[in-house]
Amino acid sequence: MNHSSPYSRTLAVLLISGFAAAALTAAPTSSFAPAPSSPAAAFSSTGQTVAVKSEIVFTPIPKAGKKYDIDADTYLIYEFNEKPKMGTAFLKIQIFNRKSDKITPFTIFGRSDMPSMRGAHDSGSVEFKLNKKNDYLMPVNIVMPGDWEVRITIQKDGKPVYYGSITFDV
Ligand SMILES: [Cu+2]
């Protein structure tokens, strides 16, 4: 590679300057139009992906044993098998239609962590398992006293239909 060519020097300067939006619009495009456009596209698509992820809002579902609407026809009730303490707690979610029949056309994923030290005990995405009573169950490993959260994502036909946040103290 010829490092002294005007092309590579200009490109290097552009790369180093980080392709900030202002720099991009100010950059001369006549001599090498394709070069600046592809990195810029990569930047903007990465930015969009991050933005979409951070926009997910997990609706607080504060009370065990209460009904929370998933949509007009469906609601959920959650509870723990016992008051969460150090060790493994089992989170149970039941989903009902308006006739109060328990239904199971969903896939539920849970992710537990401590909000005050986000990432320290992140369980990763855990799929709830159906038991014989058609309850969805997830084991939650409580490894430390303090504030805990389980973020749940309910999917139907592979698409998320509900995001909820269950918080509790141990
Ligand atoms: Cu902790």
# chains A, B, ... in the order shown; residues from 1 in each chain; ligands from 1
>>> residues_near_ligand(ligand="ligand 1", cutoff="7 Å", atoms="only C-alpha atoms and all ligand atoms", output="number ranges by chain")
A: 114, 117, 120-121, 144, 146
>>> write_last_selection(atoms="N, CA and C atoms", output="short mmCIF file (atom, residue, chain, number, x, y, z; two decimals), in the first residue's frame")
data_model
loop_
_atom_site.label_atom_id
_atom_site.label_comp_id
_atom_site.auth_asym_id
_atom_site.auth_seq_id
_atom_site.Cartn_x
_atom_site.Cartn_y
_atom_site.Cartn_z
N MET A 114 -29.62 -7.10 39.34
CA MET A 114 -29.81 -6.08 40.36
C MET A 114 -29.71 -4.71 39.70
N MET A 117 -26.72 -2.48 40.51
CA MET A 117 -25.40 -2.89 40.03
C MET A 117 -25.59 -3.67 38.74
N ALA A 120 -24.03 -7.04 37.05
CA ALA A 120 -23.21 -7.83 37.98
C ALA A 120 -23.74 -9.26 38.13
N HIS A 121 -25.06 -9.41 38.12
CA HIS A 121 -25.64 -10.75 38.30
C HIS A 121 -26.62 -11.05 37.17
N MET A 144 -27.54 -12.22 46.37
CA MET A 144 -27.13 -11.09 47.20
C MET A 144 -28.37 -10.39 47.73
N GLY A 146 -30.65 -7.17 48.56
CA GLY A 146 -30.75 -5.87 47.90
C GLY A 146 -31.91 -5.83 46.92
#
>>> closest_residue(among="A:Asp122, A:Asp73, A:Glu79, A:Glu55", to="A:Phe96", atoms="only C-alpha atoms")
A:Asp73
>>> residues_around(residues="A:Asp147", least_positions_apart="4", cutoff="12 Å", atoms="only C-alpha atoms", output="list in words")
Pro84, Lys85, Ser112, Asp113, Met114, Pro115, Ser116, Met117, Arg118, His121, Ile142, Val143, Ile166, Thr167, Phe168, Asp169 and Val170 of chain A
>>> write_last_selection(atoms="C-alpha atoms", output="PDB file, in the first residue's frame")
ATOM      1  CA  PRO A  84     -37.799 -14.203  47.542  1.00  0.00           C
ATOM      2  CA  LYS A  85     -34.770 -14.741  49.736  1.00  0.00           C
ATOM      3  CA  SER A 112     -32.892 -11.153  36.347  1.00  0.00           C
ATOM      4  CA  ASP A 113     -30.352  -8.678  37.643  1.00  0.00           C
ATOM      5  CA  MET A 114     -29.808  -6.083  40.363  1.00  0.00           C
ATOM      6  CA  PRO A 115     -30.751  -2.591  39.067  1.00  0.00           C
ATOM      7  CA  SER A 116     -28.312  -0.914  41.473  1.00  0.00           C
ATOM      8  CA  MET A 117     -25.395  -2.889  40.031  1.00  0.00           C
ATOM      9  CA  ARG A 118     -26.653  -3.574  36.532  1.00  0.00           C
ATOM     10  CA  HIS A 121     -25.636 -10.750  38.298  1.00  0.00           C
ATOM     11  CA  ILE A 142     -30.835 -14.536  44.329  1.00  0.00           C
ATOM     12  CA  VAL A 143     -27.149 -14.295  45.187  1.00  0.00           C
ATOM     13  CA  ILE A 166     -41.003  -7.120  38.283  1.00  0.00           C
ATOM     14  CA  THR A 167     -38.996  -5.583  41.117  1.00  0.00           C
ATOM     15  CA  PHE A 168     -38.527  -6.757  44.680  1.00  0.00           C
ATOM     16  CA  ASP A 169     -36.171  -6.458  47.614  1.00  0.00           C
ATOM     17  CA  VAL A 170     -34.364  -9.262  49.371  1.00  0.00           C
TER      18      VAL A 170
END
>>> closest_residue(among="A:Ile93, A:Ile56, A:Val150, A:Ile77", to="A:Asn131", atoms="only C-alpha atoms")
A:Ile93
